[in-house]
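Asks: Supplied in structure tokens, the structure appears directly below.
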Amino acid sequence: MAAVVSVSFEVRDKEFVALVGPSGCGKSTVLNMIAGLVPPTGGEIRIDGRRQEGVPPQVGYVFQKDTVFPWRTVRRNIALGLEYRGVPPAEREERVREAIRLVGLEGFEDAFPATLSGGMRQRVALMRTLVIDPEILLMDEPFGALDTHTKLRLQAQLLELWLRKRQTVIFVTHDLAEAITLADRVIVMTRRPGRVKLVHEVKLPRSRDVIQVRETEDYAREFGTLWHVLGEEFAKSEDEAA
Amino acid sequence: MRERTRVTLWRVAIAVALFALWEGLTHPAISKRVSKVVYFVDPFFISRPSTIWRRFWHLSSPAVRVPLWQLLLSTLESTFLGFAVGVSTGFVVGLVLGRNERLALILGPYIVAVNSLPRIALVPLVTMIFGFGLAAKVVLAWLIVFFIVFFNTFQGARGVDPDLIHTARFLGASERQIMRTVVIPSALAWTFASLTPSVSFALIGVVIGEFIGGESGGGIGYLIIASLGTLNAADMMVALIVLAITGIALSIGIRQVEARLLRWRPEYQGRA
């Protein structure tokens, strides 16, 4: 069975879009198609109106899985993209230092990933991608494996970083609260085979505080609306599993 | 610290007890109480620590034509050469086949065939081709080391996490950069794991070569085979003990190098 069937949506420039749906609905497949990792069996991906084939150069990808290179220190992990692009060492060091400062990893520059917590490693992965200034940032449940507290801190840091540079972000998650907290629009997908069920504009003002925003009535209303829609899909997947 | 001292003490105690037992059981004054005709354990076969000690000094002295340290040097030279050639060729071939599915499929049966051949069966052939000297010993060591390193590197190169390769690609890496920054470092972890057994096996290959090589090959293996010719168990024991110590020293040395190169691994954290 296909993971997704006729998924179609648009993402605007500098927009933060969250892709939510029950697990196995093909959210990641869609993301991988945009990233050029999986060729679509039909249809096309267009970036800036140009048909996309292969890995697009202006895209950054943050995986759910820990993809920090274990044999490189924090500093050298973050420097990877700059190294690949032949950025001169002096500038490289400057940008890496700035990236480390932005996510509060000072003092861990020369630590190997094995000594870091999951949250710290994911921050390294995030900065490694952001340091090369991608125009489009694809994130596949980047905080999925983290505990609630770490997750909230990283969400806050991501929002802060995003407000500075305003990349176009497509953020896959199964956590509705996370989607509403972060995104301008939430795209709800149906259970497998995935389709777009709903595209929802999140009417919460920027900038958002990831904790305070959850205590507002607006947030509760958004959550209620989306939960109702998403809940139907979750219920169906459970019926099938049973 | 206390635990370590205790372990060390026990080790020393066991060594002392073993040597004392050996000395006692092969010593006339002690064994004569058991029998007047034969020793309790005949030192003709296993010699005796005190004799071995004397022979060690004798063999190390300028009184002999080729002193012990020179034999050892010859063995070490061949071992290092065989080890170096074996590791480098094994690594390169493992890497190439590990990243080239088709080539690996084509060559697979040949590699298995050569590897399943007992190395010792190749000794006469190697001797025929390379003679009795250094070259033959190096080739024998290489024949063993190559396959150990090859198989490990091969596994490592095939087992590279595809997500790490994707990550590198998204960060703008070219194929060559992926090779240098992803494939080689992850394969190296496997290669390093094969170095400790490799160095011991290199020593085995060299000693076998020295058995055959005779005087022109030299080395500790020659001392062993020459002692067999003269039925001299003491000299043989000297050679064996020197070999054992050499093996331990080589393993420790390699492990140090490994710990340094793999210091990023969780099991080496906090030990540097």
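Labels for the structure tokens follow display order: chains A, B, ..., residues from 1 in each chain, ligands from 1.
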Residues of chain B within 10 Å of chain A, using only C-alpha atoms, as number ranges by chain?

Replies: B: 161-174, 177-178, 181-182, 185-186, 189, 261-270

Asks: Extract the full set of helix (DSSP H, G or I) residues from stretch 4-207 of chain B according to DSSP on the backbone, and format it as JSON, numbers by chain.

Replies: {"B": [4, 5, 6, 7, 8, 9, 10, 11, 12, 13, 14, 15, 16, 17, 18, 19, 20, 21, 22, 23, 24, 25, 28, 29, 30, 31, 43, 44, 45, 46, 49, 50, 51, 52, 53, 54, 55, 56, 57, 58, 59, 60, 68, 69, 70, 71, 72, 73, 74, 75, 76, 77, 78, 79, 80, 81, 82, 83, 84, 85, 86, 87, 88, 89, 90, 91, 92, 93, 94, 95, 96, 97, 98, 99, 101, 102, 103, 104, 105, 106, 107, 108, 109, 110, 111, 112, 113, 114, 115, 116, 119, 120, 121, 122, 123, 124, 125, 126, 127, 128, 129, 130, 134, 135, 136, 137, 138, 139, 140, 141, 142, 143, 144, 145, 146, 147, 148, 149, 150, 151, 152, 153, 154, 155, 156, 157, 158, 162, 163, 164, 165, 166, 167, 168, 169, 170, 175, 176, 177, 178, 179, 180, 181, 182, 183, 184, 185, 186, 187, 188, 189, 190, 191, 192, 193, 195, 196, 197, 198, 199, 200, 201, 202, 203, 204, 205, 206, 207]}

Asks: Could you name the residues that touch B:Phe91 at 7 Å or less, counting only C-alpha atoms, but leaving out those on the same chain fewer than 3 positions away, as a list of chain:residue names?

Replies: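 The neighbour list is B:Val87, B:Ser88, B:Gly94, B:Leu95, B:Val149, B:Phe150, B:Thr153.
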
Asks: Return the single residue from A:Val87, A:Val74, A:Val11, A:Val229 that is closest to A:Gly107, with distances computed using only C-alpha atoms.

Replies: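 Of all the options, A:Val74 lies closest to A:Gly107.
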
Asks: Compile the contact shell of A:Glu160 as a PyMOL selection string: residues with an atom at most 12 Å away, counting only C-alpha atoms, same-chain residues fewer than 6 positions apart removed.

Replies: chain A and resi 102-103+153-154+166-167+182+206-210

Asks: By how many Å are atom CA of B:Arg99 and atom CA of B:Ala113 apart?

Replies: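 Taking atom CA of B:Arg99 and atom CA of B:Ala113, their separation equals 21.2 Å.
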
Asks: Atom CA of B:Pro124 and atom CA of B:Val199, how far apart in Å?

Replies: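 Those two atoms sit 22.5 Å apart.
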
Asks: If we count only C-alpha atoms and set the cut-off at 10 Å, which residues sit around A:Val38, ignoring sequence neighbours fewer than 3 positions away in its own chain? Please answer as an NGL selection string.

Replies: :A and (29-35 or 41 or 53-55)
